[in-house]
Amino acid sequence: MVETRETELGILAQLVTTGMDTHEASDSLLELSRLTDTAGIRICDRITQNRHKPDGATLFGRGKVQDLKNLVHAFDANIVIFDNELNAFQQYNLAKELGIRVMDRTEVILQIFARRARSSEAQVQVELAQLQFLLSRIPVTATQQRFKGGIGMKGPGESHLQLRNAPMRRRVAELKKRLGAIHRRNKVASVNSRRKWPVVSMVGYTNAGKSTLLNALAPRSDAYVDDRLFATLDTKTRLIWLKPNRRVLLTDTVGFIRHLPHALIASFKSTLDIAVQADLLLVVVDASYPHVQDHLKVCYETLAEIGAQDVPSLLVLNKCDKGSSDTSVLHVTERYPSAVPVSAHTGYGLDLLKQNIVEELQKCCMLWQLPSGTSRI
Ligand SMILES: Nc1nc2c(ncn2[C@@H]2O[C@H](COP(=O)(O)OP(=O)(O)OP(=O)(O)O)[C@@H](O)[C@H]2O)c(=O)[nH]1
Ligand SMILES: [Mg+2]
C-alpha cells in the first residue's frame, strides 16, 4: 500500500443515499476529516451528493463526478477520499476519470494504523490487514485479465492473476504464522497473571479518553495520550488498587470507530481478545460528544462482532468536566442513569468508579466469590 506524503492535498467526498441518517452522515464526514488529518492529508474542500442509490461504476452520478473533477483542477488536489466504501471497479473508474489517486475511509484507517504501529505485534497485525485488504480489492485490470479466460473457467487470465497474487498470499501465510507465535506467548503471560487478579478492560470509541483514564487510575502509568484518532494500538495493562484489599488488572486497548475495517478487526483479534476474556468491561464514552448514542451503538456492535457481547460491562461517561451544566453532558448523564460520570482530567468520579467496579466484580467474578480467607487480593 502506498504511503501518502505529508504534503498531500485532498478533497473529501461523500454520497448520502436515501434512508441514511443525515446527522450521522455529516458526523461521519467530520470524522473523516479528523482521520485524514491524522493520516497527514490536508483537506482543501469537500463535496457531497444526495442520491437514491450509488452509481455502480463511479458511486457519484456523472454530473457530480464532473463537479469533483472541476474541484480537483481548481485546487490542484492530488487525492480524493471517499467516506463511502468503494469497490475496486469504482475506485479504478474514478481514479481514471479524475487523473489522481482515489481512496476510501477504510484505506485512511489502514494508513493511520500503519503509521502508528510501534510494537512488533501491531506491525504484523497491520501488515496482515493491509495485505488482506489489497487481496480483497483485486485491481480491475487483473479482474479483466481473468475474464479473458472465461468467467468461472480456468484460463490464461486466471493463472496470471494467481501469479500476481501469489507473493502476497505467501506473505499473508507467513504473517499469520508469526502472529500465532506471538499470541501463544501472550496467552501464557495472560493466563499467569489472571490466576491472581480479575481483569477489567477498557473499551470504547477512539478519543474517548481510555488511556487518560488508565493514567488517572494507575498513577505511575505512562500510556500515550493524544487528541487524535487511534492514539493507542497496543494493549497496556496496569495493576491498580480499588480498595485496600482489592486489586485488579486494568487494560487499555485500541479504540473503535464507525466502519472499522473488517480486515483490521480480524488481524487485531488477539489485541481485542483482551475484551472477550475480561471479567468486566468499562465501556468508555466521551460524554461531551453531542451524539453519544451513535458512539455507543458502534461500541456495542463492535463488541458483538468480536464476541464480547456477554461480558459484564459498566458504562463510563468521561470528560464530564467539559462544558457548562446546561450542555449535552448533563443530558447524557440523565439519559444513562446507571452509568458512572467521571473526568479523567480532574479526577471527578474516580472513587465512585472504583466502588462500582468492586460491586460489579463481586457479582460476576469467580475470583472474588471464593470463601473469605481464600480470596486473593
Ligand atoms: N476535557 C477532558 N479531556 C479529556 C479527558 N480525558 C481525556 N481527554 C482528552 O481526550 C483526548 C483523547 O484522550 P486519550 O486518552 O488519548 O483517548 P483514547 O480513548 O485512549 O483514544 P484512542 O487511543 O485513540 O482510542 C486527549 O486530548 C485527552 O487529553 C477528560 O476527562 N476531560
Ligand atoms: Mg488510547
# chains A, B, ... in the order shown; residues from 1 in each chain; ligands from 1
>>> residues_near_ligand(ligand="ligand 1", cutoff="7 Å", atoms="only C-alpha atoms and all ligand atoms", output="PyMOL selection string")
chain A and resi 204-213+224-233+254-256+318-322+342-346
>>> residues_around(residues="stretch 133-137 of chain A", least_positions_apart="4", cutoff="9 Å", atoms="only C-alpha atoms", output="ChimeraX atom specification")
/A:1,87-89,106-107,110,128-129,165,168-169,261-264
>>> atom_distance(atom1="atom CA of A:Leu353", atom2="atom CA of A:Asp273")
23.3 Å
>>> residues_around(residues="A:His291", least_positions_apart="2", cutoff="10 Å", atoms="only C-alpha atoms", output="compact mmCIF listing (two decimals) with N, CA, C and O atoms, in the first residue's frame")
# COMPACT_ATOMS: atom_id res chain seq x y z
N HIS A 23 -27.71 13.42 10.03
CA HIS A 23 -26.75 13.91 11.03
C HIS A 23 -25.59 12.92 11.19
O HIS A 23 -24.43 13.30 11.36
N GLU A 24 -25.91 11.62 11.04
CA GLU A 24 -24.84 10.62 11.12
C GLU A 24 -23.88 10.77 9.94
O GLU A 24 -22.68 10.65 10.09
N ASP A 27 -21.70 13.79 10.63
CA ASP A 27 -20.70 13.45 11.66
C ASP A 27 -19.61 12.56 11.08
O ASP A 27 -18.43 12.68 11.41
N ASP A 286 -17.10 9.53 25.41
CA ASP A 286 -16.90 10.97 25.60
C ASP A 286 -18.28 11.59 25.78
O ASP A 286 -19.03 11.74 24.81
N ALA A 287 -18.60 11.96 27.04
CA ALA A 287 -19.96 12.47 27.34
C ALA A 287 -20.19 13.85 26.74
O ALA A 287 -21.33 14.31 26.66
N SER A 288 -19.12 14.52 26.30
CA SER A 288 -19.32 15.86 25.74
C SER A 288 -19.64 15.81 24.25
O SER A 288 -19.93 16.82 23.64
N TYR A 289 -19.56 14.62 23.66
CA TYR A 289 -19.90 14.48 22.24
C TYR A 289 -21.43 14.52 22.10
O TYR A 289 -22.13 13.78 22.79
N GLN A 293 -25.00 8.53 21.73
CA GLN A 293 -25.69 7.27 21.41
C GLN A 293 -25.12 6.62 20.15
O GLN A 293 -25.07 5.38 20.05
N ASP A 294 -24.65 7.42 19.19
CA ASP A 294 -24.06 6.86 17.96
C ASP A 294 -22.76 6.12 18.30
O ASP A 294 -22.49 5.03 17.80
N HIS A 295 -21.93 6.76 19.14
CA HIS A 295 -20.66 6.12 19.52
C HIS A 295 -20.93 4.84 20.31
O HIS A 295 -20.26 3.83 20.12
N LEU A 296 -21.95 4.92 21.17
CA LEU A 296 -22.27 3.73 21.98
C LEU A 296 -22.73 2.58 21.09
O LEU A 296 -22.37 1.42 21.30
N SER A 328 -24.69 19.27 26.66
CA SER A 328 -25.10 17.89 26.45
C SER A 328 -24.63 16.94 27.55
O SER A 328 -25.26 15.92 27.78
N VAL A 332 -26.69 13.76 28.86
CA VAL A 332 -26.18 12.40 28.72
C VAL A 332 -26.22 11.67 30.06
O VAL A 332 -26.66 10.52 30.15
>>> residues_around(residues="A:Glu127", least_positions_apart="5", cutoff="9 Å", atoms="only C-alpha atoms", output="list in words")
Ala114, Ala122, Gln132, Val172, Leu175 and Ser267 of chain A
>>> write_last_selection(atoms="all heavy atoms", output="PDB file, in the first residue's frame")
ATOM      1  N   ALA A 114      -0.951   1.877  10.098  1.00  0.00           N
ATOM      2  CA  ALA A 114       0.406   1.575   9.642  1.00  0.00           C
ATOM      3  C   ALA A 114       1.405   2.576  10.220  1.00  0.00           C
ATOM      4  O   ALA A 114       2.509   2.225  10.609  1.00  0.00           O
ATOM      5  CB  ALA A 114       0.463   1.591   8.120  1.00  0.00           C
ATOM      6  N   ALA A 122       1.784  -5.212  16.724  1.00  0.00           N
ATOM      7  CA  ALA A 122       0.920  -4.283  15.979  1.00  0.00           C
ATOM      8  C   ALA A 122       1.385  -4.175  14.526  1.00  0.00           C
ATOM      9  O   ALA A 122       0.563  -4.118  13.611  1.00  0.00           O
ATOM     10  CB  ALA A 122       0.915  -2.913  16.647  1.00  0.00           C
ATOM     11  N   GLN A 132      -4.552  -8.248   3.358  1.00  0.00           N
ATOM     12  CA  GLN A 132      -5.867  -8.859   3.159  1.00  0.00           C
ATOM     13  C   GLN A 132      -6.817  -7.885   2.475  1.00  0.00           C
ATOM     14  O   GLN A 132      -7.631  -8.264   1.649  1.00  0.00           O
ATOM     15  CB  GLN A 132      -6.411  -9.377   4.477  1.00  0.00           C
ATOM     16  CG  GLN A 132      -5.675 -10.677   4.819  1.00  0.00           C
ATOM     17  CD  GLN A 132      -6.077 -11.271   6.132  1.00  0.00           C
ATOM     18  OE1 GLN A 132      -6.394 -10.543   7.067  1.00  0.00           O
ATOM     19  NE2 GLN A 132      -6.041 -12.584   6.239  1.00  0.00           N
ATOM     20  N   VAL A 172       0.989 -13.388   3.529  1.00  0.00           N
ATOM     21  CA  VAL A 172      -0.134 -13.487   4.472  1.00  0.00           C
ATOM     22  C   VAL A 172       0.048 -14.727   5.355  1.00  0.00           C
ATOM     23  O   VAL A 172      -0.079 -14.667   6.581  1.00  0.00           O
ATOM     24  CB  VAL A 172      -1.491 -13.543   3.722  1.00  0.00           C
ATOM     25  CG1 VAL A 172      -2.613 -14.033   4.626  1.00  0.00           C
ATOM     26  CG2 VAL A 172      -1.847 -12.179   3.160  1.00  0.00           C
ATOM     27  N   LEU A 175       2.852 -14.128   7.828  1.00  0.00           N
ATOM     28  CA  LEU A 175       2.476 -13.199   8.904  1.00  0.00           C
ATOM     29  C   LEU A 175       1.532 -13.882   9.897  1.00  0.00           C
ATOM     30  O   LEU A 175       1.628 -13.674  11.101  1.00  0.00           O
ATOM     31  CB  LEU A 175       1.807 -11.955   8.324  1.00  0.00           C
ATOM     32  CG  LEU A 175       2.724 -11.012   7.546  1.00  0.00           C
ATOM     33  CD1 LEU A 175       1.918  -9.937   6.834  1.00  0.00           C
ATOM     34  CD2 LEU A 175       3.747 -10.354   8.468  1.00  0.00           C
ATOM     35  N   SER A 267      -7.368  -9.014  12.041  1.00  0.00           N
ATOM     36  CA  SER A 267      -5.945  -9.172  12.355  1.00  0.00           C
ATOM     37  C   SER A 267      -5.624  -8.661  13.758  1.00  0.00           C
ATOM     38  O   SER A 267      -4.626  -9.060  14.351  1.00  0.00           O
ATOM     39  CB  SER A 267      -5.069  -8.510  11.291  1.00  0.00           C
ATOM     40  OG  SER A 267      -5.297  -7.150  11.274  1.00  0.00           O
TER      41      SER A 267
END
>>> atom_distance(atom1="atom CA of A:Leu239", atom2="atom CA of A:Leu260")
29.5 Å
>>> select_by_dssp(residues="stretch 69-244 of chain A", states="strand (DSSP E or B)", output="list in words")
Ile79, Val80, Ile81, Phe82, Arg101, Val102, Met103, Asp104, Val199, Val200, Ser201, Met202, Val203, Gly204, Tyr205, Lys236, Thr237, Arg238, Leu239, Ile240, Trp241, Leu242 and Lys243 of chain A
>>> write_last_selection(atoms="N, CA and C atoms", output="PDB file, in the first residue's frame")
ATOM      1  N   ILE A  79      -5.375  14.054  -4.316  1.00  0.00           N
ATOM      2  CA  ILE A  79      -6.033  12.852  -3.787  1.00  0.00           C
ATOM      3  C   ILE A  79      -7.505  13.161  -3.476  1.00  0.00           C
ATOM      4  N   VAL A  80      -8.373  12.193  -3.719  1.00  0.00           N
ATOM      5  CA  VAL A  80      -9.787  12.318  -3.332  1.00  0.00           C
ATOM      6  C   VAL A  80     -10.085  11.176  -2.373  1.00  0.00           C
ATOM      7  N   ILE A  81     -10.720  11.526  -1.253  1.00  0.00           N
ATOM      8  CA  ILE A  81     -11.003  10.491  -0.240  1.00  0.00           C
ATOM      9  C   ILE A  81     -12.508  10.381  -0.053  1.00  0.00           C
ATOM     10  N   PHE A  82     -13.036   9.213  -0.328  1.00  0.00           N
ATOM     11  CA  PHE A  82     -14.472   8.961  -0.183  1.00  0.00           C
ATOM     12  C   PHE A  82     -14.777   8.418   1.210  1.00  0.00           C
ATOM     13  N   ARG A 101      -5.107  10.016  -7.440  1.00  0.00           N
ATOM     14  CA  ARG A 101      -5.358   8.871  -6.576  1.00  0.00           C
ATOM     15  C   ARG A 101      -6.707   9.007  -5.855  1.00  0.00           C
ATOM     16  N   VAL A 102      -7.426   7.906  -5.759  1.00  0.00           N
ATOM     17  CA  VAL A 102      -8.714   7.882  -5.069  1.00  0.00           C
ATOM     18  C   VAL A 102      -8.651   6.811  -3.987  1.00  0.00           C
ATOM     19  N   MET A 103      -9.029   7.181  -2.788  1.00  0.00           N
ATOM     20  CA  MET A 103      -9.048   6.170  -1.719  1.00  0.00           C
ATOM     21  C   MET A 103     -10.353   6.307  -0.930  1.00  0.00           C
ATOM     22  N   ASP A 104     -10.599   5.364  -0.023  1.00  0.00           N
ATOM     23  CA  ASP A 104     -11.796   5.475   0.812  1.00  0.00           C
ATOM     24  C   ASP A 104     -11.409   5.415   2.288  1.00  0.00           C
ATOM     25  N   VAL A 199      -9.526  -9.250  35.619  1.00  0.00           N
ATOM     26  CA  VAL A 199      -9.116  -8.358  34.534  1.00  0.00           C
ATOM     27  C   VAL A 199     -10.285  -7.442  34.166  1.00  0.00           C
ATOM     28  N   VAL A 200     -10.021  -6.141  34.210  1.00  0.00           N
ATOM     29  CA  VAL A 200     -11.016  -5.136  33.807  1.00  0.00           C
ATOM     30  C   VAL A 200     -10.473  -4.458  32.553  1.00  0.00           C
ATOM     31  N   SER A 201     -11.233  -4.549  31.453  1.00  0.00           N
ATOM     32  CA  SER A 201     -10.751  -3.977  30.189  1.00  0.00           C
ATOM     33  C   SER A 201     -11.532  -2.735  29.809  1.00  0.00           C
ATOM     34  N   MET A 202     -10.784  -1.704  29.422  1.00  0.00           N
ATOM     35  CA  MET A 202     -11.459  -0.501  28.929  1.00  0.00           C
ATOM     36  C   MET A 202     -11.607  -0.599  27.422  1.00  0.00           C
ATOM     37  N   VAL A 203     -12.822  -0.400  26.962  1.00  0.00           N
ATOM     38  CA  VAL A 203     -13.066  -0.379  25.517  1.00  0.00           C
ATOM     39  C   VAL A 203     -13.866   0.887  25.222  1.00  0.00           C
ATOM     40  N   GLY A 204     -13.912   1.268  23.971  1.00  0.00           N
ATOM     41  CA  GLY A 204     -14.729   2.429  23.635  1.00  0.00           C
ATOM     42  C   GLY A 204     -14.277   3.099  22.377  1.00  0.00           C
ATOM     43  N   TYR A 205     -15.029   4.107  22.011  1.00  0.00           N
ATOM     44  CA  TYR A 205     -14.744   4.848  20.787  1.00  0.00           C
ATOM     45  C   TYR A 205     -13.370   5.511  20.905  1.00  0.00           C
ATOM     46  N   LYS A 236      -2.192  -2.036  26.929  1.00  0.00           N
ATOM     47  CA  LYS A 236      -1.359  -1.708  28.095  1.00  0.00           C
ATOM     48  C   LYS A 236      -2.118  -2.156  29.339  1.00  0.00           C
ATOM     49  N   THR A 237      -1.440  -2.849  30.244  1.00  0.00           N
ATOM     50  CA  THR A 237      -2.107  -3.356  31.442  1.00  0.00           C
ATOM     51  C   THR A 237      -1.399  -2.853  32.691  1.00  0.00           C
ATOM     52  N   ARG A 238      -2.162  -2.401  33.666  1.00  0.00           N
ATOM     53  CA  ARG A 238      -1.600  -1.936  34.935  1.00  0.00           C
ATOM     54  C   ARG A 238      -2.358  -2.583  36.093  1.00  0.00           C
ATOM     55  N   LEU A 239      -1.610  -2.884  37.151  1.00  0.00           N
ATOM     56  CA  LEU A 239      -2.237  -3.428  38.357  1.00  0.00           C
ATOM     57  C   LEU A 239      -2.659  -2.245  39.218  1.00  0.00           C
ATOM     58  N   ILE A 240      -3.937  -2.142  39.518  1.00  0.00           N
ATOM     59  CA  ILE A 240      -4.376  -0.979  40.316  1.00  0.00           C
ATOM     60  C   ILE A 240      -5.119  -1.428  41.581  1.00  0.00           C
ATOM     61  N   TRP A 241      -5.060  -0.585  42.590  1.00  0.00           N
ATOM     62  CA  TRP A 241      -5.786  -0.822  43.838  1.00  0.00           C
ATOM     63  C   TRP A 241      -7.167  -0.178  43.718  1.00  0.00           C
ATOM     64  N   LEU A 242      -8.197  -0.936  44.066  1.00  0.00           N
ATOM     65  CA  LEU A 242      -9.535  -0.351  44.093  1.00  0.00           C
ATOM     66  C   LEU A 242      -9.924  -0.002  45.526  1.00  0.00           C
ATOM     67  N   LYS A 243      -9.480  -0.882  46.455  1.00  0.00           N
ATOM     68  CA  LYS A 243      -9.700  -0.693  47.885  1.00  0.00           C
ATOM     69  C   LYS A 243      -8.442  -1.231  48.537  1.00  0.00           C
TER      70      LYS A 243
END
>>> atom_distance(atom1="atom CA of A:Gly307", atom2="atom CA of A:Thr235")
17.9 Å
>>> closest_residue(among="A:Leu214, A:Leu272, A:Cys364, A:Leu330", to="ligand 2", atoms="only C-alpha atoms and all ligand atoms")
A:Leu214
>>> residues_around(residues="A:Arg246", least_positions_apart="4", cutoff="12 Å", atoms="only C-alpha atoms", output="list in words")
Lys196, Trp197, Pro198, Leu239, Ile240, Trp241, Leu242, Lys354, Gln355, Ile357, Val358, Glu359, Leu361, Gln362, Leu367, Trp368, Ser375, Arg376 and Ile377 of chain A
>>> residues_around(residues="A:Leu59", least_positions_apart="5", cutoff="8 Å", atoms="only C-alpha atoms", output="MDAnalysis selection string")
chainID A and resid 15 54 86 90
>>> closest_residue(among="A:Leu68, A:Leu35, A:Val284, A:Ile109", to="ligand 2", atoms="only C-alpha atoms and all ligand atoms")
A:Val284
